[in-house]
Amino acid sequence: MSPTSRRSLAGLLLALAPLAAAQEDRPAAELPAAGPAYRFQVLFENDGSFVKLNELEDRHYTNGAALDLAHKSETFAGLVDGLGLPADGTAVGLMVAHEIYTPEDITARVPDPDDRPYAGYLYGAFYGQREHDDHLDHLQLNLGVVGESSLAKEVQEYIHEYFTGDDPNGWDSQLGDEFAIDLAYRRTVRIDAAGLGLPGLRPGGLNAQLLPYGEVRVGTTHRDATLGGIARVGWKLPDDFGPARVRDPGSFTGAGPQPGWSVYAFAGAAARYVQWNTFLDGSYARNPSPSVDREPLLGIFRGGFAVGYTGHRFNAEIGYAQTFLTHEFKGQEDADAFGQIQLQVGWGF
């Protein structure tokens, strides 16, 4: 190496030394967290009083549960890159979910023909996610069964026998067995208040976000389009695109939450145009089938909070929310609501 080259290299090392020292001196709480490679979630939704203390009704969308496993897969990241799609983060996931629907009066052996029919839905979902420039693309394929094979009757009878509630007597009239397939695409945009330079807010501390989104679903159980948004405020907001639901596992493309405790509250609203809902319209393949006259427009209102903790290569979060719906079918007497509990654990190796 020539004397000139040695002097140039020495100068470069001297210039970088203060930067390296500053990085080493930064407190651990200020360093970005290493994003976990896996995430496991348990999601539970119910309209019973043990989840929704402010109302005692048990009707319509009465129970939902999901187990979800997401992974930041290098193979999927390579596929996205091969398609020429820019990405700041990617993830894939598998989810198993179960939903139960009933009329308002579950004690009647002959259900009210003007009320929502009995139905169960058991399905598995595969999804892929891509994050780029503060927006998220989520594509999800659901495959499952509607009807007796969903085991909704057995699940509700067991819960009501050993835990709470009247005996459900009308399951013999439930929607018949059908294969179900649905494809959903959703785009969410994240507008960060700290990024706008608002005083008193910063990404690693107190912050606020607006998360507008749009979604389209096509398939045998749902055909609809939704526009909505969520606003949230809190301490150390997670690097995601909003809280999850049974039908929506939430994003897993971010770098991971900040170390330590985090907490936030959120509220959201959405409008949905419904072209088909098999749990209202009845069987798509069987005629006649129990059904009601569906309302084409649905309003959705949601609010809740979450508390999380992040340690060395792991994080955990627990959240609670309530969702309120406008009338879903003509002749419906009261609007519906349900509560949700979410438990999330992420880890890396």
# chains A, B, ... in the order shown; residues from 1 in each chain; ligands from 1
>>> closest_atom_pairs(of="segment 104-165 of chain A", to="segment 237-244 of chain A", cutoff="12 Å", atoms="only C-alpha atoms", output="Markdown table")
| residue | atom | partner | partner_atom | distance |
| --- | --- | --- | --- | --- |
| A:Gln129 | CA | A:Phe241 | CA | 11.2 |
| A:Arg130 | CA | A:Phe241 | CA | 11.5 |
| A:Glu131 | CA | A:Asp240 | CA | 9.5 |
| A:His132 | CA | A:Phe241 | CA | 11.9 |
| A:Asp134 | CA | A:Phe241 | CA | 8.9 |
| A:His135 | CA | A:Phe241 | CA | 8.2 |
| A:Leu136 | CA | A:Phe241 | CA | 7.3 |
| A:Asp137 | CA | A:Phe241 | CA | 10.3 |
| A:His138 | CA | A:Phe241 | CA | 10.7 |
>>> atom_distance(atom1="atom CA of Arg217 of chain A", atom2="atom CA of Asp68 of chain A")
19.7 Å
>>> closest_residue(among="A:Asp81, A:Glu317, A:Glu148, A:Asp336", to="Tyr118 of chain A", atoms="only C-alpha atoms")
A:Glu148
>>> residues_around(residues="segment 61-63 of chain A", least_positions_apart="2", cutoff="6 Å", atoms="only C-alpha atoms", output="list in words")
Glu45, Asn46, Asp47, Arg59, Glu99, Ile100 and Tyr101 of chain A
>>> atom_distance(atom1="atom CA of Phe338 of chain A", atom2="atom CA of Phe324 of chain A")
6.8 Å
>>> decode(residues="segment 82-95 of chain A", atoms="N, CA and C atoms", output="short mmCIF file (atom, residue, chain, number, x, y, z; two decimals), in the first residue's frame")
data_model
loop_
_atom_site.label_atom_id
_atom_site.label_comp_id
_atom_site.auth_asym_id
_atom_site.auth_seq_id
_atom_site.Cartn_x
_atom_site.Cartn_y
_atom_site.Cartn_z
N GLY A 82 -38.22 -10.58 -6.47
CA GLY A 82 -38.21 -11.12 -7.82
C GLY A 82 -39.34 -10.58 -8.68
N LEU A 83 -40.44 -10.20 -8.05
CA LEU A 83 -41.57 -9.61 -8.78
C LEU A 83 -41.36 -8.13 -9.07
N GLY A 84 -40.23 -7.59 -8.60
CA GLY A 84 -39.95 -6.19 -8.84
C GLY A 84 -40.71 -5.24 -7.95
N LEU A 85 -41.19 -5.72 -6.80
CA LEU A 85 -41.95 -4.89 -5.88
C LEU A 85 -41.03 -4.37 -4.78
N PRO A 86 -40.87 -3.07 -4.63
CA PRO A 86 -40.02 -2.55 -3.55
C PRO A 86 -40.65 -2.86 -2.20
N ALA A 87 -39.81 -3.19 -1.22
CA ALA A 87 -40.32 -3.56 0.10
C ALA A 87 -39.33 -3.16 1.17
N ASP A 88 -39.82 -2.53 2.22
CA ASP A 88 -39.03 -2.25 3.41
C ASP A 88 -39.15 -3.37 4.43
N GLY A 89 -40.15 -4.24 4.27
CA GLY A 89 -40.35 -5.38 5.15
C GLY A 89 -41.42 -6.29 4.57
N THR A 90 -41.30 -7.59 4.83
CA THR A 90 -42.28 -8.57 4.36
C THR A 90 -42.54 -9.58 5.46
N ALA A 91 -43.67 -10.28 5.33
CA ALA A 91 -44.02 -11.34 6.28
C ALA A 91 -45.04 -12.26 5.64
N VAL A 92 -45.07 -13.50 6.10
CA VAL A 92 -46.11 -14.45 5.72
C VAL A 92 -46.71 -15.02 7.00
N GLY A 93 -47.91 -15.58 6.89
CA GLY A 93 -48.55 -16.11 8.08
C GLY A 93 -49.58 -17.17 7.78
N LEU A 94 -49.86 -17.98 8.79
CA LEU A 94 -50.91 -19.00 8.76
C LEU A 94 -51.83 -18.76 9.95
N MET A 95 -53.13 -18.88 9.71
CA MET A 95 -54.10 -18.64 10.77
C MET A 95 -55.21 -19.68 10.67
#
